[in-house]
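target21.cif (mmCIF, C-alpha atoms; chains and numbers go by the auth columns)
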```cif
data_target
#
loop_
_atom_site.group_PDB
_atom_site.id
_atom_site.type_symbol
_atom_site.label_atom_id
_atom_site.label_comp_id
_atom_site.label_asym_id
_atom_site.label_seq_id
_atom_site.Cartn_x
_atom_site.Cartn_y
_atom_site.Cartn_z
_atom_site.B_iso_or_equiv
_atom_site.auth_seq_id
_atom_site.auth_asym_id
ATOM 1 C CA MET A 1 105.787 111.119 117.960 0.00 1 N
ATOM 2 C CA PRO A 2 105.387 112.913 114.616 0.00 2 N
ATOM 3 C CA LYS A 3 101.879 113.951 113.610 0.00 3 N
ATOM 4 C CA ILE A 4 100.801 113.278 110.040 0.00 4 N
ATOM 5 C CA THR A 5 97.643 114.809 108.585 0.00 5 N
ATOM 6 C CA TYR A 6 95.717 112.769 106.039 0.00 6 N
ATOM 7 C CA VAL A 7 93.224 114.760 103.979 0.00 7 N
ATOM 8 C CA SER A 8 90.552 112.646 102.311 0.00 8 N
ATOM 9 C CA ALA A 9 89.308 113.425 98.807 0.00 9 N
ATOM 10 C CA ASP A 10 86.209 115.031 100.325 0.00 10 N
ATOM 11 C CA GLY A 11 88.273 117.221 102.653 0.00 11 N
ATOM 12 C CA ASP A 12 88.019 115.328 105.960 0.00 12 N
ATOM 13 C CA LEU A 13 91.146 115.712 108.096 0.00 13 N
ATOM 14 C CA HIS A 14 92.664 112.903 110.153 0.00 14 N
ATOM 15 C CA VAL A 15 95.651 113.802 112.324 0.00 15 N
ATOM 16 C CA VAL A 16 97.559 110.691 113.390 0.00 16 N
ATOM 17 C CA ASP A 17 100.578 110.113 115.612 0.00 17 N
ATOM 18 C CA VAL A 18 102.830 107.885 113.512 0.00 18 N
ATOM 19 C CA PRO A 19 105.894 106.249 115.082 0.00 19 N
ATOM 20 C CA ILE A 20 109.304 107.047 113.645 0.00 20 N
ATOM 21 C CA GLY A 21 110.341 104.417 111.110 0.00 21 N
ATOM 22 C CA THR A 22 106.752 103.601 110.179 0.00 22 N
ATOM 23 C CA SER A 23 105.574 104.394 106.659 0.00 23 N
ATOM 24 C CA VAL A 24 102.917 106.983 105.938 0.00 24 N
ATOM 25 C CA MET A 25 100.890 104.098 104.458 0.00 25 N
ATOM 26 C CA ARG A 26 101.098 102.018 107.655 0.00 26 N
ATOM 27 C CA GLY A 27 100.066 105.050 109.692 0.00 27 N
ATOM 28 C CA ALA A 28 96.852 105.282 107.663 0.00 28 N
ATOM 29 C CA VAL A 29 96.077 101.567 107.459 0.00 29 N
ATOM 30 C CA GLY A 30 96.815 101.039 111.157 0.00 30 N
ATOM 31 C CA THR A 31 94.326 103.709 112.185 0.00 31 N
ATOM 32 C CA GLY A 32 91.579 102.778 109.738 0.00 32 N
ATOM 33 C CA ILE A 33 91.800 105.777 107.427 0.00 33 N
ATOM 34 C CA ASP A 34 89.839 105.143 104.255 0.00 34 N
ATOM 35 C CA GLY A 35 91.477 106.046 100.977 0.00 35 N
ATOM 36 C CA ILE A 36 94.700 104.047 101.185 0.00 36 N
ATOM 37 C CA VAL A 37 94.138 100.476 100.044 0.00 37 N
ATOM 38 C CA ALA A 38 97.724 99.140 100.219 0.00 38 N
ATOM 39 C CA GLU A 39 96.999 95.920 98.330 0.00 39 N
ATOM 40 C CA CYS A 40 100.664 94.866 98.201 0.00 40 N
ATOM 41 C CA GLY A 41 101.291 95.585 101.871 0.00 41 N
ATOM 42 C CA GLY A 42 103.939 98.215 101.279 0.00 42 N
ATOM 43 C CA ASN A 43 106.170 96.556 98.696 0.00 43 N
ATOM 44 C CA ALA A 44 105.839 99.246 95.980 0.00 44 N
ATOM 45 C CA MET A 45 104.096 96.791 93.682 0.00 45 N
ATOM 46 C CA CYS A 46 100.546 98.108 93.331 0.00 46 N
ATOM 47 C CA ALA A 47 100.283 101.931 93.602 0.00 47 N
ATOM 48 C CA THR A 48 97.159 101.696 95.798 0.00 48 N
ATOM 49 C CA CYS A 49 98.735 103.892 98.473 0.00 49 N
ATOM 50 C CA HIS A 50 99.141 106.889 96.166 0.00 50 N
ATOM 51 C CA VAL A 51 99.095 110.282 97.905 0.00 51 N
ATOM 52 C CA TYR A 52 99.704 113.905 96.984 0.00 52 N
ATOM 53 C CA VAL A 53 102.296 115.746 99.059 0.00 53 N
ATOM 54 C CA PRO A 54 102.314 119.556 99.189 0.00 54 N
ATOM 55 C CA ALA A 55 105.290 121.031 97.329 0.00 55 N
ATOM 56 C CA GLU A 56 106.588 122.662 100.516 0.00 56 N
ATOM 57 C CA HIS A 57 107.121 119.217 102.073 0.00 57 N
ATOM 58 C CA ALA A 58 108.737 117.635 99.012 0.00 58 N
ATOM 59 C CA ALA A 59 112.267 118.686 99.980 0.00 59 N
ATOM 60 C CA SER A 60 112.017 116.860 103.321 0.00 60 N
ATOM 61 C CA LEU A 61 111.056 113.547 101.693 0.00 61 N
ATOM 62 C CA PRO A 62 113.458 110.852 100.547 0.00 62 N
ATOM 63 C CA GLU A 63 114.281 110.886 96.861 0.00 63 N
ATOM 64 C CA MET A 64 111.921 108.846 94.700 0.00 64 N
ATOM 65 C CA THR A 65 113.341 105.524 93.544 0.00 65 N
ATOM 66 C CA ALA A 66 113.021 104.245 89.984 0.00 66 N
ATOM 67 C CA VAL A 67 110.601 101.549 91.206 0.00 67 N
ATOM 68 C CA GLU A 68 108.325 104.100 92.876 0.00 68 N
ATOM 69 C CA ASP A 69 108.450 106.318 89.785 0.00 69 N
ATOM 70 C CA GLU A 70 107.453 103.373 87.584 0.00 70 N
ATOM 71 C CA MET A 71 104.595 102.336 89.888 0.00 71 N
ATOM 72 C CA LEU A 72 103.212 105.874 89.921 0.00 72 N
ATOM 73 C CA GLU A 73 102.585 105.441 86.191 0.00 73 N
ATOM 74 C CA CYS A 74 99.973 102.818 87.198 0.00 74 N
ATOM 75 C CA THR A 75 97.825 104.948 89.510 0.00 75 N
ATOM 76 C CA VAL A 76 94.093 105.132 88.951 0.00 76 N
ATOM 77 C CA ALA A 77 93.940 108.785 89.957 0.00 77 N
ATOM 78 C CA GLU A 78 95.860 111.442 88.077 0.00 78 N
ATOM 79 C CA ARG A 79 99.589 111.413 88.675 0.00 79 N
ATOM 80 C CA ARG A 80 100.849 114.867 89.628 0.00 80 N
ATOM 81 C CA ALA A 81 104.286 116.351 90.247 0.00 81 N
ATOM 82 C CA THR A 82 103.576 115.889 93.970 0.00 82 N
ATOM 83 C CA SER A 83 102.478 112.235 93.731 0.00 83 N
ATOM 84 C CA ARG A 84 104.210 109.696 95.963 0.00 84 N
ATOM 85 C CA LEU A 85 103.584 106.160 97.173 0.00 85 N
ATOM 86 C CA SER A 86 102.924 106.448 100.885 0.00 86 N
ATOM 87 C CA CYS A 87 104.525 103.038 101.497 0.00 87 N
ATOM 88 C CA GLN A 88 107.854 104.554 100.448 0.00 88 N
ATOM 89 C CA LEU A 89 107.683 107.469 102.881 0.00 89 N
ATOM 90 C CA ARG A 90 109.198 106.504 106.239 0.00 90 N
ATOM 91 C CA ILE A 91 108.462 108.788 109.153 0.00 91 N
ATOM 92 C CA THR A 92 111.321 110.770 110.679 0.00 92 N
ATOM 93 C CA GLU A 93 111.258 113.610 113.229 0.00 93 N
ATOM 94 C CA GLY A 94 111.653 115.965 110.284 0.00 94 N
ATOM 95 C CA LEU A 95 108.311 114.841 108.846 0.00 95 N
ATOM 96 C CA ASP A 96 106.331 115.993 111.891 0.00 96 N
ATOM 97 C CA GLY A 97 103.439 118.017 110.483 0.00 97 N
ATOM 98 C CA LEU A 98 103.486 116.354 107.058 0.00 98 N
ATOM 99 C CA VAL A 99 100.181 116.666 105.201 0.00 99 N
ATOM 100 C CA VAL A 100 99.187 114.132 102.556 0.00 100 N
ATOM 101 C CA ARG A 101 96.116 114.363 100.355 0.00 101 N
ATOM 102 C CA LEU A 102 94.381 111.193 99.271 0.00 102 N
ATOM 103 C CA PRO A 103 93.153 110.844 95.691 0.00 103 N
ATOM 104 C CA GLU A 104 89.513 110.131 94.887 0.00 104 N
ATOM 105 C CA ALA A 105 90.261 106.531 93.902 0.00 105 N
ATOM 106 C CA GLN A 106 93.020 103.972 94.394 0.00 106 N
ATOM 107 C CA GLU A 107 91.709 100.996 92.448 0.00 107 N
#
```
Would you write out, as structure tokens, the structure that this file holds?
Amino acid sequence: MPKITYVSADGDLHVVDVPIGTSVMRGAVGTGIDGIVAECGGNAMCATCHVYVPAEHAASLPEMTAVEDEMLECTVAERRATSRLSCQLRITEGLDGLVVRLPEAQE
């Protein structure tokens, strides 16, 4: 099972086994990681699952959709070039070792 590392805004690391096909957001919510609110439940309608992905992992992620791009304009925390909605990132074998950083605020 792929391991995903969630780095909280204060630097705490949480390494989680996330099943293939599950979203990065569900991996966090299902294990009680603070910092991902997921108000809309993963429907790309709220931007409360905003994460920062290191540039070196960006190429292994699915392309951002227009809906995700639009929702990222609504984030509370600064949008960066590496911003993604974790609900739109489905786990594959190729994402084993993915690191996501959580912003200081989601809502």
Worksheet item: atom CA of N:Val37 and atom CA of N:His57 are how many Å apart?
Response: 22.9 Å
What's around N:Val24 at 12 Å? Count only C-alpha atoms, leave out sequence neighbours fewer than 6 positions away in its own chain, and write the answer as an mmCIF file with C-alpha atoms, in the frame of the given file.
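Everything below was put into part11.cif:
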```
data_model
loop_
_atom_site.group_PDB
_atom_site.id
_atom_site.type_symbol
_atom_site.label_atom_id
_atom_site.label_comp_id
_atom_site.auth_asym_id
_atom_site.auth_seq_id
_atom_site.Cartn_x
_atom_site.Cartn_y
_atom_site.Cartn_z
ATOM 1 C CA PRO N 2 105.387 112.913 114.616
ATOM 2 C CA LYS N 3 101.879 113.951 113.610
ATOM 3 C CA ILE N 4 100.801 113.278 110.040
ATOM 4 C CA THR N 5 97.643 114.809 108.585
ATOM 5 C CA TYR N 6 95.717 112.769 106.039
ATOM 6 C CA VAL N 15 95.651 113.802 112.324
ATOM 7 C CA VAL N 16 97.559 110.691 113.390
ATOM 8 C CA ASP N 17 100.578 110.113 115.612
ATOM 9 C CA VAL N 18 102.830 107.885 113.512
ATOM 10 C CA GLY N 30 96.815 101.039 111.157
ATOM 11 C CA THR N 31 94.326 103.709 112.185
ATOM 12 C CA ILE N 33 91.800 105.777 107.427
ATOM 13 C CA ILE N 36 94.700 104.047 101.185
ATOM 14 C CA ALA N 38 97.724 99.140 100.219
ATOM 15 C CA GLY N 42 103.939 98.215 101.279
ATOM 16 C CA CYS N 49 98.735 103.892 98.473
ATOM 17 C CA HIS N 50 99.141 106.889 96.166
ATOM 18 C CA VAL N 51 99.095 110.282 97.905
ATOM 19 C CA TYR N 52 99.704 113.905 96.984
ATOM 20 C CA VAL N 53 102.296 115.746 99.059
ATOM 21 C CA LEU N 61 111.056 113.547 101.693
ATOM 22 C CA ARG N 84 104.210 109.696 95.963
ATOM 23 C CA LEU N 85 103.584 106.160 97.173
ATOM 24 C CA SER N 86 102.924 106.448 100.885
ATOM 25 C CA CYS N 87 104.525 103.038 101.497
ATOM 26 C CA GLN N 88 107.854 104.554 100.448
ATOM 27 C CA LEU N 89 107.683 107.469 102.881
ATOM 28 C CA ARG N 90 109.198 106.504 106.239
ATOM 29 C CA ILE N 91 108.462 108.788 109.153
ATOM 30 C CA THR N 92 111.321 110.770 110.679
ATOM 31 C CA LEU N 95 108.311 114.841 108.846
ATOM 32 C CA ASP N 96 106.331 115.993 111.891
ATOM 33 C CA GLY N 97 103.439 118.017 110.483
ATOM 34 C CA LEU N 98 103.486 116.354 107.058
ATOM 35 C CA VAL N 99 100.181 116.666 105.201
ATOM 36 C CA VAL N 100 99.187 114.132 102.556
ATOM 37 C CA ARG N 101 96.116 114.363 100.355
ATOM 38 C CA LEU N 102 94.381 111.193 99.271
#
```
Fill in: Selected residue, from N:Gly32, N:Met64, N:Ser8, N:Pro19, that lies nearest to N:Ala105 when counting only C-alpha atoms
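Of N:Gly32, N:Met64, N:Ser8, N:Pro19, the one nearest N:Ala105, counting only C-alpha atoms, is N:Ser8.
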Practice prompt. Let me know the residues the PyMOL selection byres ((chain N and resi 67) around 12) catches in the file above, as a ChimeraX atom specification.
Written response: /N:43-47,63-66,68-74,84-85,88
Worksheet entry | d(atom CA of N:Arg80, atom CA of N:Met1) in Å |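 Between these atoms lies a distance of 29.0 Å.
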Item to complete: Check what the PyMOL selection byres ((chain N and resi 77) around 8) selects in the file above and give those residues as a list in words.
Response: Thr75, Val76, Glu78, Arg79, Pro103, Glu104, Ala105 and Gln106 of chain N
Discussion item. Considering all atoms listed in the file, can you say which of N:Cys40, N:Met25, N:Glu107, N:Ile20 comes closest to N:Gly94?
Written reply: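 For N:Gly94, the nearest of the candidates is N:Ile20.
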Worksheet item: Looking at N:Arg26, N:Thr48, N:Glu93, N:Asp34, which one is nearest to N:His14, with distances taken over all atoms listed in the file?
Response: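 Looking at the shortest contact to N:His14, the residue is N:Asp34.
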